[in-house]
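A quick write-up on the structure given underneath.
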Amino acid sequence: MSAGEGREGARESVTVRVPAKVNVQLAVGGARPDGFHDLANVFLAVGLYDEVTVRPAQSLTITCSGPDAGQVPLDRTNLAARAAELLAARHGISPDVHIHIAKDIPVAGGMAGGSADGAGALMACDELWGLRSSRAELLAICAELGSDVPFSLVGRAALGTGRGEQLDELEVGGSFHWVFAVADGGLSTPAVYREFDRLNEGVRVPEPVASAPLLEALRTGDVLALADALSNDLQPAALSLRPSLADTLSVGVAAGALASLVSGSGPTTAFLTKDEESARAVAAALTASGTCRTARVAGAPAAGATVVAG
């Protein structure tokens with residue numbers, strides 16, 4: 001039967017807000033037999049958001065608005081569509097919804113925008129259809145969708161192990177101020193991992209382990225300690241594929257950022273600053289430098305997927 005058919009009090013629409021993420025640590029192990037890599041991936045959700053709205057429809061359709069909307073796939077390869085299909089299949093119903101994504105997270109920028117949309121659509125459809133799925137069930141579907149999707153549902157801060165999908169939520173004792181420099185064009189995550197493997201060919205890659213100083217810096221809200229502890233094992237691979245990112249990183253540090261790193265697989269670069277005023281100054285310098293398309297200021301931590309209307 002169609003989703004929502006026969007359910008009392010059916011809603012006209014549900015909107016869910018989902019955050020972007022930055023990896024404050026991304027420790028990468030060697031390639032596994034299944035092609036994935038074991039990770040120690042410390043996620044921090046930041047205050048840049050997509051909003052995903054679902055409403056009943058004759059069939060599953062997707063639209064998108066906002067910056068870079070033209071780069072977002074509007075077919076069944078979109079994680080939002082796959083989320084609706086997986087949830088519907090578990091309950092024996094048809095995924096007949098229209099999904100609209102109001103896009104504000106940079107596309108293909110290493111900030112999990114696609115994963116956020118998958119988590120947002122999953123929560124929105126669960127609400128729209130009145131399924132009341134358990135958190136464990138939603139997280140299981142998220143893990144099936146992709147390695148970063150579970151964190152988009154959870155938000156704030158978490159350590160991801162396995163391929164990143166096994167989460168332990170982390171305590172954060174303060175707020176942090178970030179600037180994100182958005183590059184022209186994207187970087188393929190699989191391509192960055194292939195370059196990581198090429199750069200480490202013949203090298204014994206150590207088992208990934210979360211940094212104790214970094215976890216303590218998050219717990220206490222110590223921005224200087226966090227700046228000292230930031231790391232990303234994929235950064236050399238991203239810089240190898242996109243050498244121009246080194247110029248962006250240098251501009252941000254020269255403008256006063258406490259630390260810089262490539263966000264996830266890139267090409268967005270992230271800059272930790274001491275306060276909001278410094279963040280605005282770093283963003284202005286990056287924008288003026290011509291080394292990036294735009295620069296965005298955001299605070300952290302941010303809440304995970306949240307119903308905001310419906």
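We label chains A, B, ... in the order they appear in the structure tokens, count residues from 1 in each chain, and number ligands from 1 in the order shown.
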Please, which residues in stretch 108-204 of chain A fall within 6 Å of stretch 288-301 of chain A when counting only C-alpha atoms, and what is the closest atom pair and distance in Å to one decimal for each, ordered by chain then residue number, as a tab-separated table?
```
residue	atom	partner	partner_atom	distance
A:Arg156	CA	A:Pro301	CA	4.8
A:Ser175	CA	A:Ala300	CA	5.6
A:Phe176	CA	A:Ala300	CA	5.1
A:His177	CA	A:Gly299	CA	4.7
A:Trp178	CA	A:Ala298	CA	5.3
A:Val179	CA	A:Val297	CA	4.5
A:Phe180	CA	A:Arg296	CA	5.1
A:Ala181	CA	A:Ala295	CA	4.3
A:Val182	CA	A:Thr294	CA	5.4
A:Ala183	CA	A:Cys292	CA	4.8
A:Asp184	CA	A:Arg293	CA	5.8
```
Keeping only C-alpha atoms, write those residues as an mmCIF file, in the first residue's frame.
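Once written, out24.cif looks like this:
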```cif
data_model
loop_
_atom_site.group_PDB
_atom_site.id
_atom_site.type_symbol
_atom_site.label_atom_id
_atom_site.label_comp_id
_atom_site.auth_asym_id
_atom_site.auth_seq_id
_atom_site.Cartn_x
_atom_site.Cartn_y
_atom_site.Cartn_z
ATOM 1 C CA ARG A 156 27.140 17.203 18.047
ATOM 2 C CA SER A 175 31.661 26.008 21.574
ATOM 3 C CA PHE A 176 34.100 26.343 18.686
ATOM 4 C CA HIS A 177 34.260 28.831 15.818
ATOM 5 C CA TRP A 178 35.087 27.675 12.305
ATOM 6 C CA VAL A 179 35.553 29.042 8.814
ATOM 7 C CA PHE A 180 35.035 26.832 5.766
ATOM 8 C CA ALA A 181 36.592 27.800 2.448
ATOM 9 C CA VAL A 182 34.581 26.322 -0.397
ATOM 10 C CA ALA A 183 36.607 25.407 -3.484
ATOM 11 C CA ASP A 184 35.480 25.416 -7.093
#
```
Contacts of A:Gly304 at 10 Å or less, counting only C-alpha atoms, minus same-chain residues fewer than 5 places along, as number ranges by chain?
-> A: 16-21, 45-46, 49, 116, 119-120, 150-157
Measuring atom to atom with only C-alpha atoms, identify which of A:Ala229, A:Lys103, A:Leu199, A:Val42 is nearest to A:Gly66.
-> A:Lys103
With a distance cut-off of 10 Å and only C-alpha atoms, select the neighbouring residues of stretch 158-167 of chain A, excluding the residue or stretch itself and same-chain residues fewer than 6 positions from it, and output the selection as a ChimeraX atom specification.
-> /A:23,25-29,32,36-45,139-140,142-151,208-210,215
Near stretch 92-100 of chain A, counting only C-alpha atoms, which residues have an atom at most 8 Å away, once you skip same-chain residues fewer than 6 positions from it, shown as JSON, numbers by chain?
-> {"A": [1, 2, 3, 52, 53, 54, 55, 56, 57, 58, 59, 60, 61, 62, 63, 64, 65, 80, 81, 84, 85, 121]}
Separation of atom CA of A:Pro243 and atom CA of A:Ala284, in Å?
-> 22.1 Å
